[in-house]
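Following: one structure in structure tokens, then a few remarks.
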Amino acid sequence: MRVPWQTWVLRQWQTRNWISQTLWPLSSLTWVVSVWRQRQRALNPPPRTSVPVVVVGNVITGGAGKTPIVMALALHWKTQGIQVGVVTKGHGRKVDTLVCVDDNSRFEDVGDEPLLIWRRCQVPVFVGQDRAACCQALLAAHPQTQVLISDDGLQHPGLHRDFEICVFDERGLGNRWLLPAGPLREPWPRPANPNVLRWNLSSKAFAEIESVHVRRQLATYAVQANGRRQPLAVWGSQPVSAVAAIAKPDQFFDGLRAQGLNLCVSQAWPDHDPLHAFAPNTAAGDWFCTEKDAVKLWDRYPQLWAVPLEVSGLDSWLADMDRALTQRISSPHGHQTA
């Protein structure tokens, strides 16, 4: 089950209390690492790839909603006939080798989010610690690729990028302090780079963050492993249960209740937990899970219902992205200006 201290820590990082003040001297280590990364990029610029690279990441620790944005971009460009590839680290996997995700991949080897991206988007997905090496491997295997998306990697000094998308959730910048006194992985605001186009996406308006407003909500339907889809309204008031191994499971449970489901059991597990110990109690009604957890559970429990997370409010921003991407594709050696 979800360890209580995780929720407690996230709560502490929202204010500057005695705990964060005690930890504040240790934040200098995070600052040193951040400065070192900036110097590395300045002294040893990463090699430019043959196609544009879009990095989707965050500066706040915890699930800010990067992967849904990655999938939204991949599906958007795919429908326009643009060949998309995705690279990612693959959090929580058991192996460190560079691998290509395919139909035979296991989440233990590639990670739950890369497997979700592959199944939802059906675009090439390569996983590895060195994202620059992932980019080169993906392009070698799929030379027709026109744009690469990196799921996370804002702080990765060895990864060239043409566009940066920083994702925020309702926490904003928290108490604005660096780890471990606060939730920030690097100082804010981020240093300017005239060759990189940047956008901030946020689910809530904040005075200190100029951002595009993004709406995230659960779909009005659920799907099983065999592809069977059913509206959530079908369950009416009958008791149901849910499990979630994500950064903020309560948001999933509250979203189900907002759709009218009578949630009698809700099991929260640590983010990325393999859920090997999970077993649905059939006496507690039908069980619902997130799409990310479905890639871990459907092999054993195909009867579970997964509810997708949908992203909206991106139309005008996607139009800006399309124009910038078209310019970069047509002029591969050109530099973008912020």
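For the structure tokens, the naming scheme is as follows: chains receive sequential letters (A, B, ...) according to their order of presentation, residues are indexed from 1 within each chain, and ligands are indexed from 1 in presentation order.
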(request) Quick one: everything within 9 Å of Pro52 of chain A, counting only C-alpha atoms, minus sequence neighbours fewer than 6 positions away in the same chain. Send it as number ranges by chain. (result) A: 146-149, 161-163, 325, 328-329, 332
Hey, could you make a per-residue contact list for segment 143-224 of chain A against segment 298-319 of chain A with 6 Å as the cut-off, showing the nearest pair of atoms and its distance in Å to one decimal, counting only C-alpha atoms, sorted by chain and number, as JSON lines?
```
{"residue": "A:Val214", "atom": "CA", "partner": "A:Gly313", "partner_atom": "CA", "distance": 5.3}
{"residue": "A:Arg215", "atom": "CA", "partner": "A:Ser312", "partner_atom": "CA", "distance": 5.1}
{"residue": "A:Arg216", "atom": "CA", "partner": "A:Val311", "partner_atom": "CA", "distance": 4.7}
{"residue": "A:Gln217", "atom": "CA", "partner": "A:Glu310", "partner_atom": "CA", "distance": 5.4}
{"residue": "A:Leu218", "atom": "CA", "partner": "A:Leu309", "partner_atom": "CA", "distance": 4.5}
{"residue": "A:Ala219", "atom": "CA", "partner": "A:Pro308", "partner_atom": "CA", "distance": 5.6}
{"residue": "A:Ala222", "atom": "CA", "partner": "A:Val307", "partner_atom": "CA", "distance": 4.6}
{"residue": "A:Val223", "atom": "CA", "partner": "A:Ala306", "partner_atom": "CA", "distance": 5.3}
{"residue": "A:Gln224", "atom": "CA", "partner": "A:Trp305", "partner_atom": "CA", "distance": 5.0}
```
(request) Write down as a ChimeraX atom specification the residues belonging to segment 104-244 of chain A that are assigned helix (DSSP H, G or I) by DSSP computed on the backbone. (result) /A:107-110,112-121,131-141,232-235
Please produce a file of those selected residues containing N, CA and C atoms, as a PDB file, in the first residue's frame.
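Wrote it out as again.pdb, contents follow:
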```
ATOM      1  N   PHE A 107       6.888  -4.580 -18.560  1.00  0.00           N
ATOM      2  CA  PHE A 107       7.093  -3.310 -17.856  1.00  0.00           C
ATOM      3  C   PHE A 107       8.297  -3.381 -16.929  1.00  0.00           C
ATOM      4  N   GLU A 108       8.647  -4.581 -16.447  1.00  0.00           N
ATOM      5  CA  GLU A 108       9.823  -4.711 -15.586  1.00  0.00           C
ATOM      6  C   GLU A 108      11.103  -4.343 -16.337  1.00  0.00           C
ATOM      7  N   ASP A 109      11.100  -4.507 -17.647  1.00  0.00           N
ATOM      8  CA  ASP A 109      12.297  -4.256 -18.452  1.00  0.00           C
ATOM      9  C   ASP A 109      12.335  -2.867 -19.081  1.00  0.00           C
ATOM     10  N   VAL A 110      11.170  -2.291 -19.343  1.00  0.00           N
ATOM     11  CA  VAL A 110      11.140  -0.994 -20.029  1.00  0.00           C
ATOM     12  C   VAL A 110      10.502   0.111 -19.194  1.00  0.00           C
ATOM     13  N   ASP A 112       6.775   1.245 -16.785  1.00  0.00           N
ATOM     14  CA  ASP A 112       5.333   1.283 -17.057  1.00  0.00           C
ATOM     15  C   ASP A 112       4.938   2.402 -18.018  1.00  0.00           C
ATOM     16  N   GLU A 113       5.539   3.587 -17.886  1.00  0.00           N
ATOM     17  CA  GLU A 113       5.157   4.700 -18.750  1.00  0.00           C
ATOM     18  C   GLU A 113       5.597   4.500 -20.206  1.00  0.00           C
ATOM     19  N   PRO A 114       6.839   4.035 -20.473  1.00  0.00           N
ATOM     20  CA  PRO A 114       7.198   3.751 -21.868  1.00  0.00           C
ATOM     21  C   PRO A 114       6.281   2.715 -22.520  1.00  0.00           C
ATOM     22  N   LEU A 115       5.891   1.690 -21.757  1.00  0.00           N
ATOM     23  CA  LEU A 115       4.997   0.673 -22.305  1.00  0.00           C
ATOM     24  C   LEU A 115       3.622   1.267 -22.583  1.00  0.00           C
ATOM     25  N   LEU A 116       3.167   2.169 -21.717  1.00  0.00           N
ATOM     26  CA  LEU A 116       1.897   2.848 -21.947  1.00  0.00           C
ATOM     27  C   LEU A 116       1.964   3.698 -23.218  1.00  0.00           C
ATOM     28  N   ILE A 117       3.056   4.450 -23.392  1.00  0.00           N
ATOM     29  CA  ILE A 117       3.206   5.292 -24.580  1.00  0.00           C
ATOM     30  C   ILE A 117       3.174   4.440 -25.842  1.00  0.00           C
ATOM     31  N   TRP A 118       3.885   3.321 -25.823  1.00  0.00           N
ATOM     32  CA  TRP A 118       3.916   2.429 -26.988  1.00  0.00           C
ATOM     33  C   TRP A 118       2.524   1.916 -27.311  1.00  0.00           C
ATOM     34  N   ARG A 119       1.802   1.443 -26.299  1.00  0.00           N
ATOM     35  CA  ARG A 119       0.491   0.853 -26.551  1.00  0.00           C
ATOM     36  C   ARG A 119      -0.532   1.895 -26.982  1.00  0.00           C
ATOM     37  N   ARG A 120      -0.472   3.076 -26.395  1.00  0.00           N
ATOM     38  CA  ARG A 120      -1.465   4.112 -26.728  1.00  0.00           C
ATOM     39  C   ARG A 120      -1.152   4.769 -28.061  1.00  0.00           C
ATOM     40  N   CYS A 121       0.115   5.099 -28.316  1.00  0.00           N
ATOM     41  CA  CYS A 121       0.476   5.915 -29.477  1.00  0.00           C
ATOM     42  C   CYS A 121       0.962   5.112 -30.677  1.00  0.00           C
ATOM     43  N   ARG A 131      19.830   9.492 -22.849  1.00  0.00           N
ATOM     44  CA  ARG A 131      18.777   9.818 -23.818  1.00  0.00           C
ATOM     45  C   ARG A 131      19.354  10.197 -25.181  1.00  0.00           C
ATOM     46  N   ALA A 132      20.554  10.788 -25.203  1.00  0.00           N
ATOM     47  CA  ALA A 132      21.175  11.107 -26.483  1.00  0.00           C
ATOM     48  C   ALA A 132      21.456   9.824 -27.257  1.00  0.00           C
ATOM     49  N   ALA A 133      21.935   8.787 -26.552  1.00  0.00           N
ATOM     50  CA  ALA A 133      22.171   7.496 -27.207  1.00  0.00           C
ATOM     51  C   ALA A 133      20.846   6.889 -27.675  1.00  0.00           C
ATOM     52  N   CYS A 134      19.794   7.083 -26.902  1.00  0.00           N
ATOM     53  CA  CYS A 134      18.462   6.606 -27.315  1.00  0.00           C
ATOM     54  C   CYS A 134      18.031   7.280 -28.612  1.00  0.00           C
ATOM     55  N   CYS A 135      18.277   8.580 -28.698  1.00  0.00           N
ATOM     56  CA  CYS A 135      17.907   9.313 -29.917  1.00  0.00           C
ATOM     57  C   CYS A 135      18.627   8.728 -31.130  1.00  0.00           C
ATOM     58  N   GLN A 136      19.922   8.502 -30.997  1.00  0.00           N
ATOM     59  CA  GLN A 136      20.695   7.983 -32.122  1.00  0.00           C
ATOM     60  C   GLN A 136      20.246   6.566 -32.494  1.00  0.00           C
ATOM     61  N   ALA A 137      19.965   5.747 -31.482  1.00  0.00           N
ATOM     62  CA  ALA A 137      19.526   4.381 -31.753  1.00  0.00           C
ATOM     63  C   ALA A 137      18.162   4.375 -32.437  1.00  0.00           C
ATOM     64  N   LEU A 138      17.278   5.242 -31.999  1.00  0.00           N
ATOM     65  CA  LEU A 138      15.951   5.299 -32.608  1.00  0.00           C
ATOM     66  C   LEU A 138      16.039   5.762 -34.056  1.00  0.00           C
ATOM     67  N   LEU A 139      16.854   6.783 -34.309  1.00  0.00           N
ATOM     68  CA  LEU A 139      16.992   7.289 -35.677  1.00  0.00           C
ATOM     69  C   LEU A 139      17.652   6.263 -36.594  1.00  0.00           C
ATOM     70  N   ALA A 140      18.580   5.477 -36.043  1.00  0.00           N
ATOM     71  CA  ALA A 140      19.216   4.439 -36.854  1.00  0.00           C
ATOM     72  C   ALA A 140      18.214   3.346 -37.222  1.00  0.00           C
ATOM     73  N   ALA A 141      17.321   3.022 -36.273  1.00  0.00           N
ATOM     74  CA  ALA A 141      16.331   1.970 -36.527  1.00  0.00           C
ATOM     75  C   ALA A 141      15.145   2.479 -37.332  1.00  0.00           C
ATOM     76  N   LEU A 232     -18.777   5.028 -18.201  1.00  0.00           N
ATOM     77  CA  LEU A 232     -18.790   4.925 -16.745  1.00  0.00           C
ATOM     78  C   LEU A 232     -20.198   5.024 -16.177  1.00  0.00           C
ATOM     79  N   ALA A 233     -21.079   5.690 -16.908  1.00  0.00           N
ATOM     80  CA  ALA A 233     -22.452   5.848 -16.430  1.00  0.00           C
ATOM     81  C   ALA A 233     -23.166   4.509 -16.289  1.00  0.00           C
ATOM     82  N   VAL A 234     -22.665   3.477 -16.977  1.00  0.00           N
ATOM     83  CA  VAL A 234     -23.310   2.159 -16.919  1.00  0.00           C
ATOM     84  C   VAL A 234     -23.303   1.605 -15.495  1.00  0.00           C
ATOM     85  N   TRP A 235     -22.283   1.933 -14.704  1.00  0.00           N
ATOM     86  CA  TRP A 235     -22.194   1.375 -13.362  1.00  0.00           C
ATOM     87  C   TRP A 235     -23.176   2.031 -12.393  1.00  0.00           C
TER      88      TRP A 235
END
```
(request) Measure the distance from atom CA of Pro249 of chain A to atom CA of Ala205 of chain A in Å and round it to one decimal. (result)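 Atom CA of Ala205 of chain A lies 22.3 Å from atom CA of Pro249 of chain A.
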(message) as a VMD selection string, please: the residues near segment 250-255 of chain A (cut-off 7 Å, only C-alpha atoms, same-chain neighbours under 3 positions excluded).
(response) chain A and resid 218 258 to 259 266
(request) For segment 178-182 of chain A, list every protein, DNA or RNA residue within 6 Å, evaluated using only C-alpha atoms, and leave out those in the same chain fewer than 3 positions away; present the list as a PyMOL selection string. (result) chain A and resi 13+20+23-24+27+175
(request) Might you pull out every residue within 10 Å of Ile82 of chain A, with only C-alpha atoms counted and same-chain residues fewer than 6 positions away left off, and present them as a ChimeraX atom specification? (result) /A:74-76,144-147
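Put simply, atom CA of Gly172 of chain A is 24.7 Å away from atom CA of Pro194 of chain A.
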Using only C-alpha atoms, determine which residues lie at most 10 Å from Trp188 of chain A, disregarding the query and same-chain residues fewer than 3 positions distant; provide the list as a PDB file with N, CA and C atoms, in the first residue's frame.
```
ATOM      1  N   VAL A  59      10.230  20.803 -13.335  1.00  0.00           N
ATOM      2  CA  VAL A  59      11.229  21.223 -12.354  1.00  0.00           C
ATOM      3  C   VAL A  59      10.774  20.884 -10.949  1.00  0.00           C
ATOM      4  N   ILE A  60       9.541  20.418 -10.801  1.00  0.00           N
ATOM      5  CA  ILE A  60       9.014  20.070  -9.485  1.00  0.00           C
ATOM      6  C   ILE A  60       8.965  18.550  -9.365  1.00  0.00           C
ATOM      7  N   LEU A 173       5.166  26.034  -7.846  1.00  0.00           N
ATOM      8  CA  LEU A 173       6.565  25.896  -7.450  1.00  0.00           C
ATOM      9  C   LEU A 173       6.710  25.461  -6.002  1.00  0.00           C
ATOM     10  N   ARG A 176       9.125  26.976  -3.313  1.00  0.00           N
ATOM     11  CA  ARG A 176      10.140  27.618  -4.148  1.00  0.00           C
ATOM     12  C   ARG A 176      11.569  27.277  -3.734  1.00  0.00           C
ATOM     13  N   TRP A 177      11.748  26.326  -2.842  1.00  0.00           N
ATOM     14  CA  TRP A 177      13.090  25.912  -2.431  1.00  0.00           C
ATOM     15  C   TRP A 177      13.496  24.641  -3.155  1.00  0.00           C
ATOM     16  N   LEU A 178      14.829  24.464  -3.284  1.00  0.00           N
ATOM     17  CA  LEU A 178      15.377  23.291  -3.945  1.00  0.00           C
ATOM     18  C   LEU A 178      15.332  22.077  -3.023  1.00  0.00           C
ATOM     19  N   LEU A 184      11.770  21.638  -5.770  1.00  0.00           N
ATOM     20  CA  LEU A 184      12.382  22.019  -7.036  1.00  0.00           C
ATOM     21  C   LEU A 184      13.642  21.210  -7.332  1.00  0.00           C
ATOM     22  N   ARG A 185      13.724  20.700  -8.561  1.00  0.00           N
ATOM     23  CA  ARG A 185      14.892  19.937  -9.000  1.00  0.00           C
ATOM     24  C   ARG A 185      15.998  20.850  -9.518  1.00  0.00           C
ATOM     25  N   PRO A 191      17.614  29.253 -16.572  1.00  0.00           N
ATOM     26  CA  PRO A 191      18.446  30.147 -17.380  1.00  0.00           C
ATOM     27  C   PRO A 191      17.975  30.187 -18.833  1.00  0.00           C
ATOM     28  N   GLU A 208       3.679  33.573 -10.688  1.00  0.00           N
ATOM     29  CA  GLU A 208       5.114  33.480 -10.967  1.00  0.00           C
ATOM     30  C   GLU A 208       5.434  32.587 -12.154  1.00  0.00           C
ATOM     31  N   ILE A 209       4.401  31.998 -12.781  1.00  0.00           N
ATOM     32  CA  ILE A 209       4.621  31.090 -13.914  1.00  0.00           C
ATOM     33  C   ILE A 209       3.735  31.519 -15.078  1.00  0.00           C
TER      34      ILE A 209
END
```
(request) Write down as a PyMOL selection string the residues of segment 236-276 of chain A whose backbone DSSP state falls under strand (DSSP E or B). (result) chain A and resi 239-244+262-268
(request) To one decimal in Å, tell me the separation between atom CA of Ala207 of chain A and atom CA of Ile165 of chain A. (result) 18.3 Å
(message) From the options A:His213, A:Ala268, A:Pro183, A:Glu291, which residue's atoms come nearest to Gly63 of chain A, counting only C-alpha atoms?
(response)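 Looking at the shortest contact to Gly63 of chain A, the residue is A:Pro183.
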What's around Val240 of chain A at 8 Å? Count only C-alpha atoms, leave out sequence neighbours fewer than 2 positions away in its own chain, and write the answer as an mmCIF file with N, CA and C atoms, in the first residue's frame.
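Output (selection21.cif):
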```cif
data_model
loop_
_atom_site.group_PDB
_atom_site.id
_atom_site.type_symbol
_atom_site.label_atom_id
_atom_site.label_comp_id
_atom_site.auth_asym_id
_atom_site.auth_seq_id
_atom_site.Cartn_x
_atom_site.Cartn_y
_atom_site.Cartn_z
ATOM 1 N N GLN A 238 -23.928 1.323 -8.308
ATOM 2 C CA GLN A 238 -23.459 0.057 -7.752
ATOM 3 C C GLN A 238 -22.044 0.216 -7.209
ATOM 4 N N ALA A 242 -11.217 0.616 -6.738
ATOM 5 C CA ALA A 242 -10.171 1.171 -7.592
ATOM 6 C C ALA A 242 -8.804 1.000 -6.953
ATOM 7 N N LEU A 261 -19.239 7.461 -9.895
ATOM 8 C CA LEU A 261 -19.041 6.099 -9.426
ATOM 9 C C LEU A 261 -19.100 6.028 -7.902
ATOM 10 N N ASN A 262 -19.674 4.942 -7.409
ATOM 11 C CA ASN A 262 -19.780 4.696 -5.970
ATOM 12 C C ASN A 262 -18.562 3.886 -5.536
ATOM 13 N N LEU A 263 -17.497 4.587 -5.170
ATOM 14 C CA LEU A 263 -16.219 3.947 -4.864
ATOM 15 C C LEU A 263 -16.223 3.483 -3.411
ATOM 16 N N CYS A 264 -16.341 2.167 -3.206
ATOM 17 C CA CYS A 264 -16.386 1.630 -1.844
ATOM 18 C C CYS A 264 -15.008 1.230 -1.338
ATOM 19 N N VAL A 265 -14.076 0.897 -2.250
ATOM 20 C CA VAL A 265 -12.706 0.534 -1.875
ATOM 21 C C VAL A 265 -11.743 1.285 -2.775
ATOM 22 N N ALA A 284 -15.786 -6.899 -3.847
ATOM 23 C CA ALA A 284 -15.852 -5.437 -3.775
ATOM 24 C C ALA A 284 -16.317 -4.823 -5.088
ATOM 25 N N GLY A 285 -16.945 -5.624 -5.962
ATOM 26 C CA GLY A 285 -17.452 -5.107 -7.219
ATOM 27 C C GLY A 285 -16.383 -5.043 -8.293
ATOM 28 N N ASP A 286 -16.717 -4.429 -9.431
ATOM 29 C CA ASP A 286 -15.739 -4.259 -10.505
ATOM 30 C C ASP A 286 -14.603 -3.348 -10.042
ATOM 31 N N TRP A 287 -13.395 -3.613 -10.590
ATOM 32 C CA TRP A 287 -12.221 -2.838 -10.213
ATOM 33 C C TRP A 287 -11.778 -1.936 -11.365
ATOM 34 N N PHE A 288 -11.377 -0.707 -10.987
ATOM 35 C CA PHE A 288 -10.886 0.273 -11.951
ATOM 36 C C PHE A 288 -9.428 0.607 -11.627
#
```
(request) Measuring atom to atom with only C-alpha atoms, identify which of A:Val87, A:Val101, A:Met321, A:Ala64 is nearest to Gln129 of chain A. (result)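 Closest candidate: A:Val87.
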(request) Can you work out which one of A:Arg106, A:Arg171, A:Leu43, A:Gly90 has the shortest atom-to-atom distance to Gln12 of chain A, counting only C-alpha atoms? (result)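 Of the candidates, the smallest distance to Gln12 of chain A is held by A:Arg171.
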